[in-house]
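Undergrad: The file below is protein25.txt, compact mmCIF, C-alpha atoms:
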```
# COMPACT_ATOMS: atom_id res chain seq x y z
CA MET A 19 7.98 -10.97 6.80
CA THR A 20 11.20 -11.06 4.76
CA ALA A 21 9.15 -10.16 1.70
CA LEU A 22 7.69 -7.06 3.34
CA ALA A 23 11.03 -6.03 4.82
CA ALA A 24 12.60 -6.39 1.38
CA LEU A 25 9.86 -4.24 -0.15
CA ILE A 26 10.29 -1.52 2.47
CA ARG A 27 14.08 -1.56 2.08
CA ARG A 28 13.85 -1.35 -1.68
CA ASP A 29 11.39 1.57 -1.68
CA ILE A 30 13.42 3.55 0.85
CA ARG A 31 16.58 2.93 -1.12
CA ILE A 32 14.99 4.13 -4.35
CA ALA A 33 13.57 7.22 -2.62
CA LEU A 34 16.99 8.17 -1.22
CA ARG A 35 18.91 7.62 -4.46
CA VAL A 36 19.40 10.33 -7.08
CA GLY A 37 16.06 11.14 -8.67
CA GLY A 38 14.12 9.63 -5.76
CA GLY A 39 11.31 11.55 -4.12
CA ALA A 40 12.55 12.01 -0.56
CA LEU A 41 14.77 15.03 -1.08
CA ILE A 42 12.36 16.69 -3.52
CA GLY A 43 9.60 16.58 -0.90
CA VAL A 44 11.73 18.26 1.78
CA LEU A 45 12.97 20.93 -0.66
CA PHE A 46 9.40 21.65 -1.74
CA PHE A 47 8.31 21.92 1.91
CA LEU A 48 11.20 24.30 2.56
CA THR A 49 10.33 26.43 -0.48
CA VAL A 50 6.64 26.74 0.36
CA VAL A 51 7.30 27.70 3.96
CA VAL A 52 10.08 30.14 3.10
CA LEU A 53 7.82 31.88 0.57
CA MET A 54 5.06 32.48 3.14
CA PRO A 55 6.75 35.26 5.17
CA PHE A 56 7.35 37.14 1.92
CA ALA A 57 3.68 36.85 0.99
CA VAL A 58 2.27 37.66 4.44
CA GLY A 59 4.68 40.46 5.24
CA PRO A 60 6.87 41.23 8.25
CA ASP A 61 4.08 41.12 10.84
CA LEU A 62 5.64 38.81 13.42
CA ALA A 63 2.47 38.33 15.48
CA LEU A 64 0.48 37.40 12.39
CA LEU A 65 3.22 35.02 11.25
CA SER A 66 3.30 33.12 14.51
CA ARG A 67 -0.51 32.90 14.44
CA LEU A 68 -0.45 31.50 10.92
CA GLY A 69 2.69 29.41 11.51
CA PRO A 70 1.10 26.02 12.31
CA ALA A 71 -1.33 26.33 9.40
CA ILE A 72 1.49 27.17 7.01
CA LEU A 73 3.63 24.26 8.21
CA TRP A 74 0.71 21.87 7.95
CA LEU A 75 -0.25 23.02 4.45
CA GLY A 76 3.39 22.75 3.38
CA ALA A 77 3.66 19.22 4.74
CA LEU A 78 0.36 18.22 3.12
CA LEU A 79 1.40 19.50 -0.31
CA ALA A 80 4.89 18.04 0.00
CA SER A 81 3.59 14.58 0.84
CA LEU A 82 1.09 14.76 -2.05
CA LEU A 83 3.87 15.74 -4.41
CA THR A 84 5.69 12.43 -4.07
CA LEU A 85 2.71 10.22 -3.30
CA ASP A 86 1.31 9.98 -6.83
CA ARG A 87 4.33 7.90 -7.89
CA LEU A 88 3.71 5.39 -5.09
CA PHE A 89 2.11 2.77 -7.36
CA MET A 90 2.53 4.43 -10.75
CA ALA A 91 6.25 3.70 -11.00
CA ASP A 92 5.73 0.04 -10.10
CA HIS A 93 2.83 -0.15 -12.54
CA GLU A 94 4.86 1.26 -15.42
CA ASP A 95 7.83 -1.07 -15.04
CA GLY A 96 5.74 -4.18 -14.41
CA SER A 97 6.74 -4.64 -10.75
CA LEU A 98 3.14 -4.22 -9.68
CA ASP A 99 2.15 -7.31 -11.72
CA LEU A 100 4.66 -9.42 -9.82
CA ILE A 101 3.65 -7.92 -6.48
CA THR A 102 0.00 -8.73 -7.24
CA MET A 103 0.87 -12.31 -8.20
CA SER A 104 3.14 -12.97 -5.23
CA ARG A 105 2.36 -14.93 -2.09
CA THR A 106 2.36 -11.73 -0.03
CA PRO A 107 -1.19 -10.43 0.45
CA LEU A 108 -1.66 -7.27 -1.61
CA GLU A 109 -3.02 -5.41 1.43
CA LEU A 110 0.21 -5.99 3.36
CA ALA A 111 2.31 -5.05 0.35
CA CYS A 112 0.35 -1.78 0.06
CA ALA A 113 0.84 -1.09 3.75
CA ALA A 114 4.56 -1.78 3.42
CA LYS A 115 4.86 0.57 0.48
CA ALA A 116 3.02 3.33 2.35
CA LEU A 117 5.19 2.80 5.42
CA ALA A 118 8.32 3.04 3.30
CA HIS A 119 7.00 6.22 1.72
CA TRP A 120 6.30 7.72 5.11
CA LEU A 121 9.75 6.80 6.42
CA ALA A 122 11.49 8.22 3.36
CA ALA A 123 9.34 11.26 2.63
CA GLY A 124 7.27 11.97 5.77
CA LEU A 125 9.86 11.75 8.54
CA PRO A 126 12.29 14.21 6.88
CA LEU A 127 9.48 16.81 6.86
CA ILE A 128 9.10 16.44 10.61
CA VAL A 129 12.85 16.71 11.12
CA ALA A 130 12.88 19.90 9.06
CA THR A 131 10.01 21.49 11.02
CA PRO A 132 12.09 22.96 13.91
CA VAL A 133 14.29 24.83 11.44
CA LEU A 134 11.30 26.18 9.55
CA GLY A 135 9.59 27.17 12.80
CA LEU A 136 12.32 29.81 13.23
CA LEU A 137 11.30 31.44 9.95
CA LEU A 138 7.71 31.72 11.12
CA ASN A 139 8.51 33.24 14.53
CA LEU A 140 7.37 30.15 16.43
CA ASP A 141 8.93 29.57 19.84
CA MET A 142 10.34 26.26 21.03
CA VAL A 143 7.08 25.02 22.55
CA ALA A 144 4.98 25.91 19.54
CA THR A 145 7.45 24.33 17.12
CA GLY A 146 7.53 21.20 19.26
CA ALA A 147 3.74 21.07 19.24
CA VAL A 148 3.59 21.38 15.44
CA ALA A 149 6.29 18.72 15.01
CA LEU A 150 4.40 16.40 17.35
CA THR A 151 1.10 16.89 15.49
CA LEU A 152 2.89 16.28 12.20
CA LEU A 153 4.37 13.09 13.62
CA ALA A 154 0.91 11.92 14.61
CA GLY A 155 -0.90 13.21 11.51
CA THR A 156 1.32 12.61 8.50
CA PRO A 157 0.77 8.81 8.59
CA ALA A 158 -2.91 9.58 8.00
CA LEU A 159 -1.97 11.73 4.98
CA THR A 160 0.19 8.95 3.54
CA PHE A 161 -2.27 6.14 4.14
CA THR A 162 -5.32 8.01 2.81
CA GLY A 163 -3.22 9.38 -0.04
CA MET A 164 -2.32 5.83 -0.92
CA ILE A 165 -5.98 5.22 -1.89
CA GLY A 166 -5.76 8.07 -4.37
CA ALA A 167 -2.44 6.75 -5.68
CA ALA A 168 -4.01 3.33 -6.27
CA LEU A 169 -7.00 4.91 -8.02
CA ALA A 170 -4.65 6.92 -10.21
CA VAL A 171 -3.13 3.63 -11.42
CA THR A 172 -6.55 2.07 -11.95
CA LEU A 173 -7.84 5.04 -13.94
CA HIS A 174 -4.56 5.57 -15.80
CA ARG A 175 -4.42 9.20 -14.73
CA GLY A 176 -1.77 10.55 -12.46
CA GLY A 177 -0.91 13.90 -10.97
CA LEU A 178 -3.81 16.30 -10.68
CA LEU A 179 -6.58 13.74 -10.44
CA MET A 180 -4.86 12.27 -7.43
CA ALA A 181 -4.65 15.71 -5.77
CA VAL A 182 -8.36 16.29 -6.40
CA LEU A 183 -9.21 12.88 -4.92
CA VAL A 184 -6.96 13.03 -1.92
CA LEU A 185 -7.19 16.64 -0.73
CA PRO A 186 -10.83 16.38 0.45
CA LEU A 187 -9.94 13.25 2.41
CA SER A 188 -7.18 15.09 4.23
CA ILE A 189 -9.41 17.93 5.46
CA PRO A 190 -10.14 16.32 8.87
CA VAL A 191 -6.44 15.67 9.41
CA LEU A 192 -5.66 19.29 8.58
CA ILE A 193 -8.38 20.64 10.89
CA PHE A 194 -7.32 18.66 13.94
CA GLY A 195 -3.60 18.96 13.27
CA VAL A 196 -3.76 22.75 13.13
CA ALA A 197 -6.27 22.90 16.02
CA ALA A 198 -3.95 20.93 18.31
CA SER A 199 -0.99 23.15 17.42
CA GLN A 200 -3.04 26.35 17.88
CA ALA A 201 -4.23 25.10 21.25
CA VAL A 202 -0.65 25.23 22.50
CA ILE A 203 0.08 28.64 21.01
CA VAL A 204 -3.08 30.69 21.64
CA GLY A 205 -5.46 28.43 23.55
CA PRO A 206 -8.11 28.33 24.84
CA MET A 207 -8.68 24.67 23.98
CA THR A 208 -6.62 21.91 25.49
CA PHE A 209 -3.99 20.20 23.35
CA GLY A 210 -5.19 16.73 24.28
CA ALA A 211 -8.63 16.64 22.67
CA PRO A 212 -7.76 17.55 19.06
CA PHE A 213 -4.50 15.60 19.33
CA SER A 214 -6.34 12.42 20.36
CA ILE A 215 -8.68 12.79 17.40
CA LEU A 216 -5.66 13.30 15.13
CA CYS A 217 -4.12 10.05 16.42
CA ALA A 218 -7.45 8.31 15.93
CA LEU A 219 -7.61 9.53 12.32
CA SER A 220 -4.15 8.12 11.70
CA LEU A 221 -5.06 4.76 13.23
CA VAL A 222 -8.27 4.53 11.20
CA SER A 223 -6.44 5.32 7.97
CA LEU A 224 -3.75 2.76 8.83
CA VAL A 225 -6.49 0.14 8.78
CA ILE A 226 -8.65 1.38 5.91
CA GLY A 227 -5.94 2.65 3.56
CA PRO A 228 -4.26 -0.66 2.66
CA PHE A 229 -7.58 -2.46 2.14
CA ALA A 230 -9.02 0.31 -0.02
CA ALA A 231 -5.82 0.62 -2.06
CA ALA A 232 -5.54 -3.14 -2.57
CA ALA A 233 -9.21 -3.35 -3.58
CA SER A 234 -8.70 -0.55 -6.08
CA LEU A 235 -5.58 -2.18 -7.54
CA ARG A 236 -7.34 -5.55 -7.85
CA HIS A 237 -10.36 -3.98 -9.46
CA GLY A 238 -8.17 -2.22 -11.95
CA LEU A 239 -6.35 -5.37 -13.08
CA ASP A 240 -5.75 -5.00 -16.77
CA MET B 10 1.62 -31.80 -12.13
CA ARG B 11 -0.68 -30.54 -14.84
CA LEU B 12 -1.74 -27.04 -15.78
CA SER B 13 -4.94 -26.82 -17.77
CA GLY B 14 -7.45 -24.26 -18.94
CA HIS B 15 -10.97 -25.00 -20.14
CA GLY B 16 -13.36 -22.84 -22.13
CA LEU B 17 -11.46 -19.67 -21.44
CA ARG B 18 -13.06 -16.48 -22.63
CA CYS B 19 -11.38 -13.14 -22.55
CA VAL B 20 -13.03 -9.75 -23.06
CA ARG B 21 -11.01 -6.57 -23.15
CA GLY B 22 -12.41 -3.11 -23.66
CA GLY B 23 -15.81 -4.57 -24.57
CA ARG B 24 -14.30 -6.67 -27.40
CA GLU B 25 -14.08 -10.45 -27.23
CA VAL B 26 -10.45 -11.44 -27.74
CA PHE B 27 -10.96 -15.19 -27.69
CA ALA B 28 -13.55 -17.69 -26.46
CA GLY B 29 -13.67 -21.40 -25.81
CA LEU B 30 -9.90 -21.65 -25.53
CA GLY B 31 -8.42 -24.69 -23.82
CA PHE B 32 -4.90 -25.90 -23.22
CA THR B 33 -3.00 -28.41 -21.10
CA ALA B 34 0.62 -28.74 -20.08
CA ALA B 35 1.93 -31.58 -17.96
CA SER B 36 5.20 -31.64 -16.05
CA GLY B 37 8.12 -31.29 -18.42
CA GLU B 38 6.01 -29.90 -21.26
CA ALA B 39 6.18 -26.58 -23.01
CA VAL B 40 3.38 -24.87 -24.89
CA ALA B 41 4.19 -22.26 -27.52
CA VAL B 42 1.27 -19.88 -27.91
CA MET B 43 1.19 -18.63 -31.49
CA GLY B 44 -1.03 -16.14 -33.23
CA ARG B 45 -0.94 -12.84 -35.03
CA ASN B 46 -0.60 -9.51 -33.21
CA GLY B 47 -3.66 -8.77 -31.14
CA SER B 48 -4.88 -12.36 -31.14
CA GLY B 49 -4.66 -12.54 -27.34
CA LYS B 50 -1.36 -14.28 -26.59
CA THR B 51 -0.43 -11.85 -23.84
CA SER B 52 -4.02 -11.84 -22.58
CA LEU B 53 -3.91 -15.64 -22.17
CA LEU B 54 -0.68 -15.43 -20.16
CA ARG B 55 -2.12 -12.66 -18.00
CA LEU B 56 -5.27 -14.73 -17.41
CA ILE B 57 -3.15 -17.60 -16.12
CA ALA B 58 -1.10 -15.16 -14.04
CA GLY B 59 -4.28 -13.84 -12.44
CA LEU B 60 -3.61 -10.36 -13.80
CA LEU B 61 -6.77 -10.43 -15.93
CA VAL B 62 -10.10 -11.78 -14.82
CA PRO B 63 -11.51 -14.36 -17.27
CA ALA B 64 -15.00 -13.68 -18.58
CA GLY B 65 -15.55 -17.43 -18.50
CA GLY B 66 -13.77 -20.74 -18.07
CA THR B 67 -11.40 -22.13 -15.47
CA ILE B 68 -7.67 -22.59 -14.97
CA GLU B 69 -6.44 -25.42 -12.78
CA LEU B 70 -3.12 -26.73 -11.60
CA ASP B 71 -3.47 -30.39 -10.60
CA GLY B 72 -0.84 -31.70 -8.27
CA GLY B 73 0.38 -28.28 -7.24
CA ASP B 74 0.52 -26.91 -3.73
CA ALA B 75 -3.12 -26.92 -2.60
CA GLU B 76 -2.51 -24.01 -0.23
CA LEU B 77 -1.42 -21.70 -3.04
CA THR B 78 -3.35 -20.16 -5.92
CA VAL B 79 -2.24 -20.80 -9.50
CA PRO B 80 -0.62 -17.34 -9.94
CA GLU B 81 1.38 -17.88 -6.75
CA GLN B 82 3.02 -20.90 -8.37
CA CYS B 83 3.89 -19.07 -11.58
CA HIS B 84 6.73 -16.91 -12.77
CA TYR B 85 5.58 -14.21 -15.16
CA LEU B 86 8.03 -12.65 -17.56
CA GLY B 87 6.20 -9.87 -19.35
CA HIS B 88 7.14 -7.14 -21.79
CA ARG B 89 8.13 -4.95 -18.89
CA ASP B 90 11.21 -5.88 -16.94
CA ALA B 91 10.17 -5.01 -13.36
CA LEU B 92 13.62 -3.53 -12.82
CA LYS B 93 14.38 -0.32 -10.96
CA PRO B 94 16.92 1.84 -12.80
CA ALA B 95 18.16 3.40 -9.54
CA LEU B 96 19.12 0.04 -8.00
CA THR B 97 22.13 -2.02 -9.01
CA VAL B 98 21.88 -5.34 -10.81
CA ALA B 99 22.57 -7.24 -7.59
CA GLU B 100 20.06 -5.18 -5.59
CA ASN B 101 17.32 -5.72 -8.17
CA LEU B 102 17.88 -9.46 -8.15
CA SER B 103 18.18 -9.83 -4.38
CA PHE B 104 14.98 -7.83 -3.90
CA TRP B 105 12.94 -10.14 -6.12
CA ALA B 106 14.55 -13.21 -4.57
CA ALA B 107 13.60 -12.02 -1.08
CA PHE B 108 10.16 -10.75 -2.06
CA LEU B 109 9.08 -13.72 -4.15
CA GLY B 110 10.36 -16.62 -2.20
CA GLY B 111 12.89 -16.30 0.51
CA GLU B 112 14.70 -19.46 -0.65
CA ARG B 113 17.97 -17.80 -1.56
CA GLY B 114 19.85 -19.24 -4.46
CA ASP B 115 23.41 -18.20 -5.05
CA ALA B 116 22.89 -14.75 -6.60
CA ALA B 117 26.45 -14.50 -7.94
CA ALA B 118 26.18 -17.89 -9.64
CA THR B 119 22.79 -16.96 -11.09
CA LEU B 120 24.17 -13.74 -12.53
CA ALA B 121 27.10 -15.68 -13.98
CA THR B 122 24.63 -18.10 -15.62
CA VAL B 123 22.85 -15.28 -17.44
CA GLY B 124 26.13 -13.56 -18.25
CA LEU B 125 25.83 -10.49 -16.03
CA ASP B 126 28.50 -11.26 -13.43
CA HIS B 127 30.67 -8.42 -14.72
CA ALA B 128 27.93 -5.82 -14.11
CA THR B 129 26.82 -6.73 -10.57
CA HIS B 130 27.31 -3.23 -9.15
CA LEU B 131 26.08 -1.30 -12.16
CA PRO B 132 22.74 0.52 -11.74
CA ALA B 133 20.12 -1.26 -13.87
CA GLY B 134 19.40 2.03 -15.65
CA PHE B 135 22.69 1.65 -17.52
CA LEU B 136 21.92 -1.81 -18.90
CA SER B 137 21.09 -2.42 -22.54
CA ALA B 138 17.75 -3.96 -23.53
CA GLY B 139 19.34 -7.40 -23.88
CA GLN B 140 21.07 -7.13 -20.53
CA ARG B 141 17.83 -6.09 -18.87
CA ARG B 142 16.18 -9.18 -20.33
CA ARG B 143 19.01 -11.34 -19.00
CA LEU B 144 18.51 -9.84 -15.55
CA SER B 145 14.78 -10.63 -15.74
CA LEU B 146 15.66 -14.21 -16.66
CA ALA B 147 17.88 -14.38 -13.58
CA ARG B 148 14.75 -13.73 -11.51
CA LEU B 149 13.21 -16.97 -12.81
CA LEU B 150 16.20 -18.89 -11.51
CA THR B 151 16.51 -17.44 -8.01
CA VAL B 152 13.11 -18.63 -6.86
CA ARG B 153 11.67 -21.97 -7.92
CA ARG B 154 8.19 -21.93 -9.43
CA PRO B 155 6.77 -24.89 -11.38
CA VAL B 156 5.12 -22.77 -14.09
CA TRP B 157 6.91 -20.22 -16.24
CA LEU B 158 4.72 -17.80 -18.19
CA LEU B 159 6.92 -16.16 -20.79
CA ASP B 160 5.83 -13.34 -23.08
CA GLU B 161 8.15 -13.03 -26.07
CA PRO B 162 11.05 -14.21 -23.88
CA THR B 163 13.73 -14.06 -26.56
CA ASN B 164 13.07 -10.41 -27.43
CA ALA B 165 16.28 -8.36 -27.45
CA LEU B 166 18.44 -11.40 -26.67
CA ASP B 167 21.46 -11.99 -28.91
CA VAL B 168 22.19 -15.42 -30.40
CA ALA B 169 24.35 -16.49 -27.47
CA GLY B 170 21.63 -15.27 -25.10
CA GLN B 171 18.97 -17.29 -26.91
CA ASP B 172 21.16 -20.41 -26.65
CA MET B 173 21.71 -19.77 -22.96
CA PHE B 174 17.97 -19.25 -22.45
CA GLY B 175 17.18 -22.43 -24.41
CA GLY B 176 19.40 -24.30 -21.97
CA LEU B 177 17.66 -22.74 -18.97
CA MET B 178 14.25 -23.74 -20.32
CA ARG B 179 15.41 -27.32 -20.99
CA ASP B 180 16.74 -27.54 -17.40
CA HIS B 181 13.44 -26.21 -16.06
CA LEU B 182 11.45 -28.78 -18.06
CA ALA B 183 13.81 -31.58 -17.08
CA GLY B 184 13.18 -30.63 -13.44
CA GLY B 185 9.45 -31.21 -13.93
CA GLY B 186 8.51 -27.62 -14.70
CA MET B 187 6.05 -26.29 -17.24
CA ILE B 188 6.41 -23.44 -19.71
CA ILE B 189 3.71 -21.47 -21.47
CA ALA B 190 5.37 -19.05 -23.86
CA ALA B 191 3.83 -16.54 -26.25
CA THR B 192 6.18 -16.20 -29.17
CA HIS B 193 6.68 -15.43 -32.83
CA ALA B 194 10.22 -16.73 -33.08
CA PRO B 195 11.10 -20.39 -32.55
CA LEU B 196 11.67 -21.05 -28.86
CA GLY B 197 14.63 -23.34 -29.37
CA ILE B 198 13.01 -26.15 -27.39
CA GLU B 199 10.53 -28.89 -28.06
CA ALA B 200 7.09 -27.31 -27.60
CA ARG B 201 3.49 -28.06 -28.40
CA GLU B 202 1.84 -25.33 -30.46
CA LEU B 203 -1.32 -23.58 -29.37
CA ARG B 204 -2.75 -21.34 -32.07
CA ILE B 205 -5.09 -18.52 -31.17
CA GLY B 206 -7.33 -16.88 -33.75
CA GLY B 207 -6.27 -18.64 -36.93
CA VAL B 208 -2.85 -19.05 -38.50
CA ALA B 209 -0.30 -16.32 -37.94
```
Can you turn what I pasted into structure tokens?

TA:
Amino acid sequence: MTALAALIRRDIRIALRVGGGALIGVLFFLTVVVLMPFAVGPDLALLSRLGPAILWLGALLASLLTLDRLFMADHEDGSLDLITMSRTPLELACAAKALAHWLAAGLPLIVATPVLGLLLNLDMVATGAVALTLLAGTPALTFTGMIGAALAVTLHRGGLLMAVLVLPLSIPVLIFGVAASQAVIVGPMTFGAPFSILCALSLVSLVIGPFAAAASLRHGLD
Amino acid sequence: MRLSGHGLRCVRGGREVFAGLGFTAASGEAVAVMGRNGSGKTSLLRLIAGLLVPAGGTIELDGGDAELTVPEQCHYLGHRDALKPALTVAENLSFWAAFLGGERGDAAATLATVGLDHATHLPAGFLSAGQRRRLSLARLLTVRRPVWLLDEPTNALDVAGQDMFGGLMRDHLAGGGMIIAATHAPLGIEARELRIGGVA
């Protein structure tokens, strides 16, 4: 346990230091969402209809932006070799790294959502609903994205390849995240059904993600 | 304790690097792996460390902890330092100590041994190549592992650093440890030579 706690602490610390990914992700999220009203125009009704989708897309892109460095940085400086060799199972180490990434880069997005909701003409309830769906759904983005990050290390290609691999996997999360938020704002569906599926997606990815990522890293040993 | 490899074969990128390679190292023994560039010195170390999958052959550690795999009982010091530039010297060291073993040595004393006690709170990004190497060496001391796998360990170390490192290796061997080192330069300790792919 101390090993995993140490890994989580280290990754969070690096993310919060100068040059770490946490702040970049939030700034990117802010920029994307702020740009949207300028692109869509001053139609307030349209903005509040599109609001949840815009917030979700922003969060998805922001978490992708920092995710491709998840294993790459450790691979480049040799840390990944030592992590692979260590007595901590690689699956748990992967899960710890993803958890640290979510705490450092995912949570700030959710904290920023209420502020950004104002820009998109979302009322308190709607903003709360979006924030809640993000809280339930972003772990799925991180843990499925981790598979792409591990593959990027294995294939020695970063950046765009990872986006191409991960974006299709995040489609279900996007669908049910936006559906649950829309249910609160315009109806007629209930909030519960899509939200439960969203939670289920997160739980499934929590289980599959670490195993798939560890398998990919092991296969790519070189 | 005895680390041995039999009939090891290594294939990388479709090319056979070496085949039929064997070695042994008992407690208190060092093996210096020699060979020209590209002869597979690093590959051999990475095979032992479990970071490459052998195309044939076996690696065994007799008398080790039966619950642990061979790589789990090794320290690997590669070309890359496994240091995070954003973290301080002390943070880098305490992370690896906690992650690798949990048995906490005295970090301050360890840093003093490798000559970095004046830079404890400096981010590792500001260290010179030699200082980074010294910090990597400190990792070997914080957590006890019977086998040290060293890849060009004296690279970037100054003369005083090489002396210091020679002392560390002698202490490790005297404590019953084993060292497999890939090197071009003399190690500064008594070591059996293992030549790969002809004379360097």

Undergrad: Do you have the atom CA of A:Ala123-atom CA of A:Ala40 distance handy?

TA: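 About the pair atom CA of A:Ala123 and atom CA of A:Ala40: they are 4.6 Å apart.
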
Undergrad: When you draw a straight line from atom CA of A:Met90 to atom CA of A:Met180, how long is it in Å?

TA: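 A separation of 11.3 Å between them.
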
Undergrad: Using only C-alpha atoms, which of the listed residues (B:Phe174, B:Arg143, B:Val98, B:Pro155) sits closest to B:Thr129?

TA: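 Of the candidates, the smallest distance to B:Thr129 is held by B:Val98.
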
Undergrad: Can you work out which residues from chain B touch chain A at a cut-off of 10 Å (counting only C-alpha atoms) and hand them back as a PyMOL selection string?

TA: chain B and resi 21-22+52+55-56+58-62+77-96+100-101+103-111

Undergrad: Could you check the closest approach to A:Cys217 for each of A:Ala181, A:Ala147, A:Ala230, A:Val191 and tell me which residue wins, using only C-alpha atoms?

TA: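 Closest candidate: A:Val191.
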
Undergrad: Can you work out the spacing between atom CA of A:Asp86 and atom CA of A:Leu110 in Å, to one decimal?

TA: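 Answer for the atom CA of A:Asp86 to atom CA of A:Leu110 separation: 19.0 Å.
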
Undergrad: For a cutoff of 10 Å around the file-coordinate point (15.1, -24.0, -27.8), which residues qualify once you count only C-alpha atoms? I'd like the result as an MDAnalysis selection string.

TA: chainID B and resid 171:179 195:200

Undergrad: Just want the 12 Å neighbourhood of A:Ile42, counted on all atoms listed in the file, with same-chain residues fewer than 5 positions away dropped. Output as a ChimeraX atom specification.

TA: /A:33-37,47-49,79-85,122-124,126-127

Undergrad: List the neighbours of B:Gly49 out to 8 Å using all atoms listed in the file; skip same-chain residues closer than 3 positions along the sequence, and give me the result as a VMD selection string.

TA: chain B and resid 26 to 27 44 46 52 to 53 205

Undergrad: Which one is closest to A:Pro70: A:Leu219, A:Leu183, A:Val204, A:Leu108? Count only C-alpha atoms.

TA: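 Closest candidate: A:Val204.
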
Undergrad: Quick one: of A:Ser66, A:Asn139, A:Thr145, A:Thr156, who's nearest to A:Ala116, counting all atoms listed in the file?

TA: A:Thr156

Undergrad: If you count all atoms listed in the file, which residues fall within 10 Å of B:Ala116, apart from same-chain ones fewer than 6 positions away, as a PyMOL selection string?

TA: chain B and resi 99+102-103+106+122+126+129+147-148+150-151

Undergrad: For A:Lys115, which residue out of A:Ala71, A:Leu235, A:Ala167, A:Leu88 is the nearest one, using only C-alpha atoms?

TA: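 Looking at the shortest contact to A:Lys115, the residue is A:Leu88.
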
Undergrad: Quick one: what's the axis-aligned box for stretch 50-58 of chain A, all listed atoms, 3 Å on every side, centre and edges in Å to one decimal, as JSON?

TA:
```
{"center_x": 6.2, "center_y": 32.2, "center_z": 2.8, "size_x": 13.8, "size_y": 16.9, "size_z": 10.8}
```

Undergrad: What lies within 10 Å of A:Leu221 using all atoms listed in the file, ignoring chain neighbours under 5 positions off, as an MDAnalysis selection string?

TA: chainID A and resid 154:155 157:158 161 215:216 226:227

Undergrad: Contacts of A:Ala231 at 7 Å or less, counting all atoms listed in the file, minus same-chain residues fewer than 5 places along, as a PyMOL selection string?

TA: chain A and resi 112+164-165+168
